[in-house]
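As provided, target35.pdb (PDB, C-alpha atoms) reads as follows.
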ATOM      1  CA  SER A   1      -3.020 -45.889   7.227
ATOM      2  CA  ASP A   2      -4.976 -42.693   7.629
ATOM      3  CA  PRO A   3      -3.283 -39.893   5.622
ATOM      4  CA  ALA A   4      -4.946 -37.345   7.846
ATOM      5  CA  SER A   5      -2.890 -38.622  10.765
ATOM      6  CA  ILE A   6      -0.132 -36.227   9.670
ATOM      7  CA  SER A   7      -2.341 -33.494  11.122
ATOM      8  CA  SER A   8      -2.686 -33.511  14.885
ATOM      9  CA  LYS A   9      -5.140 -30.643  15.184
ATOM     10  CA  THR A  10      -8.745 -31.515  15.958
ATOM     11  CA  ASN A  11     -11.747 -29.608  14.735
ATOM     12  CA  ASP A  12     -12.045 -27.979  18.154
ATOM     13  CA  ASN A  13      -8.490 -26.698  17.987
ATOM     14  CA  ALA A  14      -9.030 -25.419  14.479
ATOM     15  CA  ILE A  15     -12.058 -23.479  15.634
ATOM     16  CA  ALA A  16     -10.236 -22.091  18.649
ATOM     17  CA  ASN A  17      -7.328 -21.002  16.468
ATOM     18  CA  ALA A  18      -9.675 -18.757  14.532
ATOM     19  CA  ASP A  19      -9.615 -16.401  17.501
ATOM     20  CA  ILE A  20      -5.917 -15.599  17.114
ATOM     21  CA  GLN A  21      -5.457 -15.099  13.393
ATOM     22  CA  THR A  22      -3.747 -11.872  12.284
ATOM     23  CA  SER A  23      -3.902 -11.881   8.488
ATOM     24  CA  SER A  24      -5.253  -8.744   6.837
ATOM     25  CA  SER A  25      -6.734  -7.428   3.587
ATOM     26  CA  TYR A  26     -10.058  -6.755   1.970
ATOM     27  CA  GLY A  27     -11.854  -8.281  -0.947
ATOM     28  CA  ASN A  28     -14.958  -8.859  -3.012
ATOM     29  CA  ALA A  29     -17.432 -11.565  -2.003
ATOM     30  CA  ASP A  30     -18.307 -12.488  -5.597
ATOM     31  CA  THR A  31     -14.645 -12.922  -6.492
ATOM     32  CA  THR A  32     -14.107 -15.091  -3.440
ATOM     33  CA  ALA A  33     -17.091 -17.308  -4.121
ATOM     34  CA  ALA A  34     -16.186 -17.699  -7.801
ATOM     35  CA  ALA A  35     -12.607 -18.640  -6.987
ATOM     36  CA  ALA A  36     -13.696 -21.066  -4.305
ATOM     37  CA  ALA A  37     -16.234 -22.712  -6.566
ATOM     38  CA  THR A  38     -13.504 -23.651  -9.048
ATOM     39  CA  ALA A  39     -11.643 -25.455  -6.276
ATOM     40  CA  THR A  40     -14.235 -28.239  -5.958
ATOM     41  CA  SER A  41     -12.628 -31.532  -6.986
ATOM     42  CA  GLN A  42     -14.216 -34.697  -8.259
ATOM     43  CA  THR A  43     -14.715 -36.759  -5.126
ATOM     44  CA  SER A  44     -16.457 -39.774  -6.654
ATOM     45  CA  SER A  45     -13.169 -41.669  -6.997
ATOM     46  CA  SER A  46     -12.248 -41.206  -3.337
ATOM     47  CA  SER A  47     -13.668 -42.997  -0.322
ATOM     48  CA  TYR A  48     -11.724 -40.661   1.961
ATOM     49  CA  ASN A  49     -14.370 -38.661   3.823
ATOM     50  CA  PHE A  50     -12.383 -35.853   5.434
ATOM     51  CA  ALA A  51     -11.548 -32.525   3.862
ATOM     52  CA  VAL A  52      -7.838 -31.747   4.372
ATOM     53  CA  LEU A  53      -6.741 -28.108   4.570
ATOM     54  CA  ILE A  54      -3.103 -26.945   4.816
ATOM     55  CA  ILE A  55      -2.642 -23.277   5.807
ATOM     56  CA  SER A  56       0.541 -21.204   5.628
ATOM     57  CA  TYR A  57       1.633 -17.559   5.550
ATOM     58  CA  HIS A  58       4.450 -15.649   3.854
ATOM     59  CA  LYS A  59       7.753 -17.034   5.211
ATOM     60  CA  THR A  60       6.036 -19.620   7.415
ATOM     61  CA  GLY A  61       6.411 -22.673   5.186
ATOM     62  CA  HIS A  62       5.039 -21.924   1.706
ATOM     63  CA  ASP A  63       7.283 -24.520   0.019
ATOM     64  CA  LEU A  64       6.719 -27.015   2.823
ATOM     65  CA  GLN A  65       2.986 -26.602   2.306
ATOM     66  CA  GLU A  66       3.286 -27.601  -1.347
ATOM     67  CA  ASP A  67       5.584 -30.507  -0.483
ATOM     68  CA  LEU A  68       3.064 -31.819   2.059
ATOM     69  CA  VAL A  69       0.306 -31.851  -0.551
ATOM     70  CA  LYS A  70       2.453 -33.701  -3.079
ATOM     71  CA  LEU A  71       3.636 -36.178  -0.443
ATOM     72  CA  LEU A  72       0.087 -36.834   0.694
ATOM     73  CA  ILE A  73      -1.125 -37.476  -2.849
ATOM     74  CA  ASP A  74       1.884 -39.655  -3.725
ATOM     75  CA  GLU A  75       1.788 -41.746  -0.544
ATOM     76  CA  PHE A  76      -1.993 -42.034  -0.202
ATOM     77  CA  PRO A  77      -3.592 -41.904  -3.656
ATOM     78  CA  PRO A  78      -7.385 -42.140  -3.944
ATOM     79  CA  PRO A  79      -9.452 -43.983  -2.853
ATOM     80  CA  ILE A  80      -7.243 -44.435   0.235
ATOM     81  CA  GLY A  81      -6.519 -40.731   0.484
ATOM     82  CA  PRO A  82      -7.985 -37.478  -0.820
ATOM     83  CA  ASN A  83      -8.019 -36.013  -4.297
ATOM     84  CA  ILE A  84      -6.175 -32.753  -4.835
ATOM     85  CA  THR A  85      -8.550 -29.896  -5.666
ATOM     86  CA  ALA A  86      -8.710 -28.292  -9.089
ATOM     87  CA  LYS A  87      -6.571 -25.490  -7.667
ATOM     88  CA  GLY A  88      -3.678 -27.857  -7.019
ATOM     89  CA  VAL A  89      -1.159 -26.213  -4.688
ATOM     90  CA  LYS A  90      -2.624 -22.747  -5.325
ATOM     91  CA  SER A  91      -4.857 -21.019  -2.789
ATOM     92  CA  LEU A  92      -8.577 -21.712  -2.895
ATOM     93  CA  VAL A  93      -9.303 -17.990  -2.633
ATOM     94  CA  ARG A  94      -7.268 -14.813  -2.801
ATOM     95  CA  ARG A  95      -5.043 -14.422   0.228
ATOM     96  CA  ARG A  96      -5.571 -11.773   2.934
ATOM     97  CA  MET A  97      -9.129 -11.216   1.822
ATOM     98  CA  HIS A  98     -12.514 -10.868   3.486
ATOM     99  CA  THR A  99     -15.639  -8.744   3.239
ATOM    100  CA  PRO A 100     -17.467  -6.740   5.923
ATOM    101  CA  VAL A 101     -20.225  -9.381   5.821
ATOM    102  CA  HIS A 102     -17.982 -12.448   5.947
ATOM    103  CA  LEU A 103     -14.971 -11.748   8.149
ATOM    104  CA  CYS A 104     -13.440 -15.134   7.365
ATOM    105  CA  SER A 105     -12.245 -16.335   3.972
ATOM    106  CA  ARG A 106     -14.954 -18.625   2.574
ATOM    107  CA  LEU A 107     -13.182 -21.795   1.478
ATOM    108  CA  TYR A 108     -15.992 -24.133   0.377
ATOM    109  CA  LEU A 109     -14.155 -27.284   1.491
ATOM    110  CA  GLN A 110     -15.245 -30.635   0.106
ATOM    111  CA  PRO A 111     -14.857 -34.088   1.711
ATOM    112  CA  GLY A 112     -12.351 -36.300  -0.047
ATOM    113  CA  THR A 113     -10.088 -33.432  -1.106
ATOM    114  CA  VAL A 114      -6.844 -31.832   0.054
ATOM    115  CA  ALA A 115      -6.530 -28.075  -0.434
ATOM    116  CA  VAL A 116      -4.120 -25.293   0.455
ATOM    117  CA  GLN A 117      -4.714 -21.697   1.473
ATOM    118  CA  HIS A 118      -2.072 -19.016   1.881
ATOM    119  CA  ALA A 119      -2.743 -16.279   4.436
ATOM    120  CA  PRO A 120      -6.505 -16.597   4.939
ATOM    121  CA  ASP A 121      -8.357 -13.845   6.780
ATOM    122  CA  LEU A 122      -9.972 -15.449   9.834
ATOM    123  CA  PHE A 123     -11.550 -12.608  11.790
ATOM    124  CA  CYS A 124     -15.014 -14.085  12.268
ATOM    125  CA  SER A 125     -16.257 -15.787  15.416
ATOM    126  CA  ALA A 126     -15.309 -19.359  16.242
ATOM    127  CA  GLU A 127     -18.914 -20.398  15.561
ATOM    128  CA  LYS A 128     -18.889 -18.785  12.124
ATOM    129  CA  LEU A 129     -15.532 -20.339  11.277
ATOM    130  CA  ALA A 130     -16.872 -23.759  12.266
ATOM    131  CA  LYS A 131     -19.778 -23.261   9.864
ATOM    132  CA  ILE A 132     -17.428 -22.212   7.067
ATOM    133  CA  LEU A 133     -15.140 -25.193   7.626
ATOM    134  CA  LEU A 134     -17.836 -27.815   8.104
ATOM    135  CA  GLU A 135     -20.962 -26.723   6.245
ATOM    136  CA  GLU A 136     -19.955 -24.695   3.183
ATOM    137  CA  GLY A 137     -20.036 -26.163  -0.321
ATOM    138  CA  ASP A 138     -22.842 -28.033  -2.086
ATOM    139  CA  GLY A 139     -20.966 -31.338  -1.808
ATOM    140  CA  ARG A 140     -21.016 -31.102   1.980
ATOM    141  CA  LYS A 141     -24.714 -30.437   2.490
ATOM    142  CA  SER A 142     -27.880 -32.467   2.533
ATOM    143  CA  ASN A 143     -31.440 -31.614   3.529
ATOM    144  CA  ASN A 144     -33.162 -33.414   6.380
ATOM    145  CA  ASN A 145     -36.911 -33.666   6.764
ATOM    146  CA  ASN A 146     -37.037 -30.264   8.403
ATOM    147  CA  ASN A 147     -35.286 -28.647   5.426
ATOM    148  CA  ASN A 148     -32.324 -27.804   7.618
ATOM    149  CA  ILE A 149     -28.906 -28.035   6.035
ATOM    150  CA  GLN A 150     -26.874 -30.879   7.573
ATOM    151  CA  PRO A 151     -23.459 -32.355   6.720
ATOM    152  CA  LYS A 152     -23.748 -35.584   4.760
ATOM    153  CA  GLU A 153     -23.465 -38.764   6.809
ATOM    154  CA  ASN A 154     -20.142 -39.794   5.240
ATOM    155  CA  ASP A 155     -18.597 -36.361   5.778
ATOM    156  CA  LEU A 156     -16.267 -36.812   8.734
ATOM    157  CA  GLY A 157     -15.127 -33.203   9.023
ATOM    158  CA  VAL A 158     -11.889 -31.346   8.377
ATOM    159  CA  LYS A 159      -8.243 -32.173   9.077
ATOM    160  CA  ILE A 160      -6.057 -29.059   9.336
ATOM    161  CA  VAL A 161      -2.307 -28.529   9.150
ATOM    162  CA  HIS A 162      -1.642 -24.940  10.259
ATOM    163  CA  LEU A 163       1.923 -23.705   9.639
ATOM    164  CA  ILE A 164       2.865 -20.762  11.850
ATOM    165  CA  ARG A 165       6.149 -19.198  12.966
ATOM    166  CA  ASN A 166       7.585 -16.987  15.684
ATOM    167  CA  PRO A 167       6.708 -13.433  14.533
ATOM    168  CA  PHE A 168      10.221 -12.087  15.173
ATOM    169  CA  THR A 169      12.031 -14.792  13.209
ATOM    170  CA  MET A 170       9.422 -14.414  10.484
ATOM    171  CA  ALA A 171      10.196 -10.677  10.249
ATOM    172  CA  VAL A 172      13.947 -11.351  10.116
ATOM    173  CA  SER A 173      13.400 -13.957   7.396
ATOM    174  CA  ASN A 174      11.254 -11.475   5.444
ATOM    175  CA  TYR A 175      13.990  -8.843   5.705
ATOM    176  CA  HIS A 176      16.767 -11.120   4.463
ATOM    177  CA  TYR A 177      14.595 -12.499   1.668
ATOM    178  CA  HIS A 178      13.459  -9.132   0.314
ATOM    179  CA  ALA A 179      16.593  -7.033   0.879
ATOM    180  CA  LYS A 180      18.530  -8.557  -1.993
ATOM    181  CA  LYS A 181      18.819  -8.431  -5.760
ATOM    182  CA  PRO A 182      17.419  -9.613  -8.074
ATOM    183  CA  ILE A 183      13.840  -9.406  -6.866
ATOM    184  CA  PRO A 184      12.095 -12.779  -7.338
ATOM    185  CA  ARG A 185       9.413 -12.395  -9.997
ATOM    186  CA  PRO A 186       6.467 -13.192  -7.662
ATOM    187  CA  GLU A 187       7.693 -10.562  -5.199
ATOM    188  CA  MET A 188       7.564  -7.413  -7.346
ATOM    189  CA  TRP A 189       4.926  -6.050  -4.965
ATOM    190  CA  ILE A 190       7.868  -4.930  -2.816
ATOM    191  CA  THR A 191       8.349  -2.047  -5.284
ATOM    192  CA  ARG A 192       4.716  -0.917  -5.074
ATOM    193  CA  GLN A 193       3.502  -1.414  -1.514
ATOM    194  CA  ASN A 194       3.519   1.276   1.137
ATOM    195  CA  PRO A 195       4.841  -0.576   4.215
ATOM    196  CA  CYS A 196       3.259   1.952   6.572
ATOM    197  CA  GLN A 197      -0.317   1.531   5.366
ATOM    198  CA  VAL A 198      -2.483   0.436   8.288
ATOM    199  CA  THR A 199      -5.916   0.588   6.655
ATOM    200  CA  TYR A 200      -7.987  -1.459   4.262
ATOM    201  CA  PRO A 201      -9.070   0.148   0.964
ATOM    202  CA  ASN A 202     -12.350   1.184   2.608
ATOM    203  CA  GLY A 203     -10.477   2.997   5.386
ATOM    204  CA  GLU A 204     -10.965   0.443   8.158
ATOM    205  CA  LEU A 205      -7.954  -0.030  10.416
ATOM    206  CA  PHE A 206      -6.060  -3.312  10.541
ATOM    207  CA  ALA A 207      -5.940  -2.781  14.293
ATOM    208  CA  ASP A 208      -9.728  -2.994  14.537
ATOM    209  CA  TYR A 209      -9.511  -6.620  13.364
ATOM    210  CA  VAL A 210      -6.240  -7.660  14.971
ATOM    211  CA  LEU A 211      -6.466  -6.128  18.432
ATOM    212  CA  PRO A 212      -9.685  -7.812  19.662
ATOM    213  CA  SER A 213      -7.747 -11.085  19.642
ATOM    214  CA  LEU A 214      -4.203  -9.946  20.412
ATOM    215  CA  SER A 215      -5.181  -7.673  23.297
ATOM    216  CA  LYS A 216      -6.651 -10.543  25.334
ATOM    217  CA  ARG A 217      -5.047 -11.827  28.514
ATOM    218  CA  SER A 218      -6.249 -15.386  28.005
ATOM    219  CA  TYR A 219      -7.742 -17.811  25.514
ATOM    220  CA  GLU A 220      -9.994 -20.173  27.414
ATOM    221  CA  ALA A 221     -10.523 -22.528  24.473
ATOM    222  CA  LEU A 222      -6.756 -23.075  24.276
ATOM    223  CA  ASN A 223      -6.177 -23.018  28.041
ATOM    224  CA  ILE A 224      -3.616 -20.216  27.613
ATOM    225  CA  ASN A 225      -3.085 -17.331  30.016
ATOM    226  CA  TYR A 226      -0.646 -14.425  29.670
ATOM    227  CA  ASP A 227       0.861 -12.157  32.302
ATOM    228  CA  SER A 228      -0.102  -9.172  30.161
ATOM    229  CA  ARG A 229      -1.788  -8.391  26.876
ATOM    230  CA  LEU A 230       0.223  -9.240  23.762
ATOM    231  CA  ILE A 231      -0.230  -5.820  22.174
ATOM    232  CA  LEU A 232      -2.195  -2.679  22.979
ATOM    233  CA  ARG A 233      -3.621  -0.131  20.560
ATOM    234  CA  SER A 234      -1.013   2.405  21.689
ATOM    235  CA  GLU A 235       1.744  -0.082  20.838
ATOM    236  CA  PHE A 236       0.213  -0.794  17.452
ATOM    237  CA  GLU A 237       0.123   2.940  16.754
ATOM    238  CA  ALA A 238       3.750   3.268  17.913
ATOM    239  CA  ILE A 239       4.822   0.667  15.339
ATOM    240  CA  ALA A 240       3.026   2.601  12.601
ATOM    241  CA  ASN A 241       4.658   5.852  13.770
ATOM    242  CA  ASP A 242       8.100   4.226  13.700
ATOM    243  CA  CYS A 243       7.485   3.158  10.115
ATOM    244  CA  GLU A 244       6.338   6.616   9.050
ATOM    245  CA  SER A 245       9.412   8.177  10.659
ATOM    246  CA  LEU A 246      11.653   6.005   8.444
ATOM    247  CA  TYR A 247       9.762   5.773   5.146
ATOM    248  CA  GLN A 248      10.707   8.373   2.512
ATOM    249  CA  THR A 249      12.216  10.690   5.150
ATOM    250  CA  ARG A 250      15.958  10.092   4.671
ATOM    251  CA  PRO A 251      18.080  12.090   2.181
ATOM    252  CA  GLY A 252      18.033  10.345  -1.178
ATOM    253  CA  LEU A 253      15.032   8.190  -0.253
ATOM    254  CA  GLU A 254      12.314  10.833  -0.434
ATOM    255  CA  HIS A 255      10.676   9.102  -3.424
ATOM    256  CA  ALA A 256      12.078   5.594  -2.936
ATOM    257  CA  ASN A 257       9.968   2.457  -2.744
ATOM    258  CA  GLN A 258      10.047  -0.168  -0.011
ATOM    259  CA  PHE A 259      12.682  -2.257  -1.798
ATOM    260  CA  ASP A 260      15.052   0.716  -2.067
ATOM    261  CA  HIS A 261      14.637   1.342   1.647
ATOM    262  CA  LEU A 262      15.552  -2.247   2.502
ATOM    263  CA  LEU A 263      18.706  -1.933   0.413
ATOM    264  CA  ASN A 264      19.812   1.435   1.822
ATOM    265  CA  LEU A 265      18.681   1.614   5.442
ATOM    266  CA  ASP A 266      20.797   0.186   8.226
ATOM    267  CA  ALA A 267      19.649  -3.333   9.073
ATOM    268  CA  PRO A 268      17.853  -2.415  12.351
ATOM    269  CA  ASP A 269      15.900   0.337  10.582
ATOM    270  CA  GLY A 270      15.186  -1.845   7.575
ATOM    271  CA  LEU A 271      13.928  -4.590   9.812
TER     272      LEU A 271
END

Any chance you could give the structure as structure tokens?
Amino acid sequence: SDPASISSKTNDNAIANADIQTSSSYGNADTTAAAAATATSQTSSSSYNFAVLIISYHKTGHDLQEDLVKLLIDEFPPPIGPNITAKGVKSLVRRRMHTPVHLCSRLYLQPGTVAVQHAPDLFCSAEKLAKILLEEGDGRKSNNNNNNIQPKENDLGVKIVHLIRNPFTMAVSNYHYHAKKPIPRPEMWITRQNPCQVTYPNGELFADYVLPSLSKRSYEALNINYDSRLILRSEFEAIANDCESLYQTRPGLEHANQFDHLLNLDAPDGL
């Protein structure tokens, strides 16, 4: 049995999906590369020649993602299946992170391994994403006679499980999860984050990365056509204005954090 058969996405679909990612943040290239380098697993004990990547986002199947990795390793141990990377069920690189030079998270995937990544930034072109998925990492490269970097002969590519969710139900799930006490320890960011921030630390707008994909009428690679654009810049700005009209503007909430707002605002406003 091929353990990668649990993933039905082909490499072409994975590349096409890069055009519709909406994660956001900003990071340091050295930090990314260092973190990714530690994710390389020993592949000598595995004859499985695919890299397996399982992607999820906040409230889109984080626990399921970890369960899939454990199930895959338990049911298909090496050499039949892949090794788990040194990162285990932790992300290869910091989530929601990219640099102005590399607009996609650089994952350094290795054949014979299964890895997870939470909320990767995938804002680069489909061609660049293909290179990142298929050519990055010393274990995936070999030199031909022309000194061009080529995938090794036994490297069969990447199998991807991409967990996504309806944006509205994801927002509702986020609201119910975060608007309750006590705050789960990993979620203390809810007391520090400004929910209305629409820029990266360097001042670039989230919209500048999101809208080129979400404002399209069609995605030829996916054979999808829409009656209208999914979101316009004016609509994006309207969402930000709605947030600013609610955040720290109500009596008693002038200095409150996001968590306090979720507890005290009416549900429609909190959502």

What is the CA of Val161 in chain A-CA of Leu53 in chain A distance in Å, reported with one decimal?
-> 6.4 Å

CA of Leu253 in chain A and CA of Gly270 in chain A are how many Å apart?
->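 Answer for the CA of Leu253 in chain A to CA of Gly270 in chain A separation: 12.7 Å.
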
At a cut-off of 8 Å, using all atoms listed in the file, what residues contact Ile80 in chain A? Leave out same-chain residues fewer than 2 positions from it and give the result as a compact mmCIF listing (two decimals) with C-alpha atoms, keeping the file's coordinate frame.
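Output below, filename result-v9.txt:
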# COMPACT_ATOMS: atom_id res chain seq x y z
CA ASP A 2 -4.98 -42.69 7.63
CA SER A 46 -12.25 -41.21 -3.34
CA SER A 47 -13.67 -43.00 -0.32
CA TYR A 48 -11.72 -40.66 1.96
CA PHE A 76 -1.99 -42.03 -0.20
CA PRO A 77 -3.59 -41.90 -3.66
CA PRO A 78 -7.38 -42.14 -3.94
CA PRO A 82 -7.98 -37.48 -0.82

Go through A:Val172, A:Ile224, A:Leu122, A:Val116 and flag the residue nearest Arg96 in chain A, using only C-alpha atoms for the distances.
->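 Checking each of A:Val172, A:Ile224, A:Leu122, A:Val116 against Arg96 in chain A, counting only C-alpha atoms, the winner is A:Leu122.
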
Tell me, counting only C-alpha atoms, for each residue of range 62-105 of chain A within 12 Å of range 197-212 of chain A, which pair of atoms is nearest and how far apart they are in Å to one decimal, in rows ordered by chain and increasing number, as JSON lines.
{"residue": "A:Arg96", "atom": "CA", "partner": "A:Tyr200", "partner_atom": "CA", "distance": 10.7}
{"residue": "A:Met97", "atom": "CA", "partner": "A:Tyr200", "partner_atom": "CA", "distance": 10.1}
{"residue": "A:His98", "atom": "CA", "partner": "A:Tyr200", "partner_atom": "CA", "distance": 10.5}
{"residue": "A:Thr99", "atom": "CA", "partner": "A:Asn202", "partner_atom": "CA", "distance": 10.5}
{"residue": "A:Pro100", "atom": "CA", "partner": "A:Glu204", "partner_atom": "CA", "distance": 9.9}
{"residue": "A:Leu103", "atom": "CA", "partner": "A:Tyr209", "partner_atom": "CA", "distance": 9.1}
{"residue": "A:Cys104", "atom": "CA", "partner": "A:Tyr209", "partner_atom": "CA", "distance": 11.1}

Hey, which of A:Leu265, A:Leu222, A:Leu129, A:Leu156 ends up closest to Pro251 in chain A? Count only C-alpha atoms.
-> A:Leu265

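Restricting the calculation to all atoms listed in the file, the smallest distance between His178 in chain A and any of A:Thr113, A:Asn83, A:Thr191, A:Gln248 is found for A:Thr191.
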
Counting all atoms listed in the file, closest pick from A:Leu64, A:Ile190, A:Val114, A:Val101 relative to Gly81 in chain A is A:Val114

Excluding same-chain residues fewer than 5 positions from Arg229 in chain A, what lies within 10 Å of it counting only C-alpha atoms, as a list in words?
->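 Once the adjacent positions are removed, what remains is Leu211, Ser213, Leu214, Ser215, Lys216, Arg217 and Ser218 of chain A.
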
What is the CA of Val93 in chain A-CA of Ile183 in chain A distance in Å, reported with one decimal?
-> 25.0 Å

For Ser105 in chain A, which of A:Leu263, A:Val69, A:Ala221, A:Ile55 is the closest residue, counting all atoms listed in the file?
->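 Residue with the minimum atom-to-atom distance to Ser105 in chain A: A:Ile55.
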
Rank nothing, just name the residue among A:Asn225, A:Pro79, A:Asp63, A:His102 nearest to Phe123 in chain A, using only C-alpha atoms.
->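 Nearest candidate to Phe123 in chain A out of A:Asn225, A:Pro79, A:Asp63, A:His102: A:His102.
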
Give as a VMD selection string the residues that the PyMOL selection byres ((chain A and resi 247) around 12) matches when applied to the coordinates above.
-> chain A and resid 193 to 197 240 to 246 248 to 262 264 to 265 269 to 270

How would the residues just chosen look if you wrote them out with C-alpha atoms as a JSON list (two decimals), in the coordinates of the input?
[["chain", "number", "residue", "atom", "x", "y", "z"],
["A", 193, "GLN", "CA", 3.50, -1.41, -1.51],
["A", 194, "ASN", "CA", 3.52, 1.28, 1.14],
["A", 195, "PRO", "CA", 4.84, -0.58, 4.22],
["A", 196, "CYS", "CA", 3.26, 1.95, 6.57],
["A", 197, "GLN", "CA", -0.32, 1.53, 5.37],
["A", 240, "ALA", "CA", 3.03, 2.60, 12.60],
["A", 241, "ASN", "CA", 4.66, 5.85, 13.77],
["A", 242, "ASP", "CA", 8.10, 4.23, 13.70],
["A", 243, "CYS", "CA", 7.48, 3.16, 10.12],
["A", 244, "GLU", "CA", 6.34, 6.62, 9.05],
["A", 245, "SER", "CA", 9.41, 8.18, 10.66],
["A", 246, "LEU", "CA", 11.65, 6.00, 8.44],
["A", 248, "GLN", "CA", 10.71, 8.37, 2.51],
["A", 249, "THR", "CA", 12.22, 10.69, 5.15],
["A", 250, "ARG", "CA", 15.96, 10.09, 4.67],
["A", 251, "PRO", "CA", 18.08, 12.09, 2.18],
["A", 252, "GLY", "CA", 18.03, 10.34, -1.18],
["A", 253, "LEU", "CA", 15.03, 8.19, -0.25],
["A", 254, "GLU", "CA", 12.31, 10.83, -0.43],
["A", 255, "HIS", "CA", 10.68, 9.10, -3.42],
["A", 256, "ALA", "CA", 12.08, 5.59, -2.94],
["A", 257, "ASN", "CA", 9.97, 2.46, -2.74],
["A", 258, "GLN", "CA", 10.05, -0.17, -0.01],
["A", 259, "PHE", "CA", 12.68, -2.26, -1.80],
["A", 260, "ASP", "CA", 15.05, 0.72, -2.07],
["A", 261, "HIS", "CA", 14.64, 1.34, 1.65],
["A", 262, "LEU", "CA", 15.55, -2.25, 2.50],
["A", 264, "ASN", "CA", 19.81, 1.44, 1.82],
["A", 265, "LEU", "CA", 18.68, 1.61, 5.44],
["A", 269, "ASP", "CA", 15.90, 0.34, 10.58],
["A", 270, "GLY", "CA", 15.19, -1.84, 7.58]]

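Close to (12.0, -16.0, 7.9), meaning no more than 12 Å away when counting all atoms listed in the file, sit the residues Tyr57, His58, Lys59, Thr60, Gly61, His62, Ile164, Arg165, Asn166, Pro167, Phe168, Thr169, Met170, Ala171, Val172, Ser173, Asn174, Tyr175, His176, Tyr177, His178 and Leu271 of chain A.
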
Each side padded by 6 Å, which centre and which edge lengths in Å (one decimal) define the axis-aligned box around the listed atoms of range 228-236 of chain A? Give them as JSON.
{"center_x": -0.9, "center_y": -3.4, "center_z": 23.8, "size_x": 17.4, "size_y": 23.6, "size_z": 24.7}
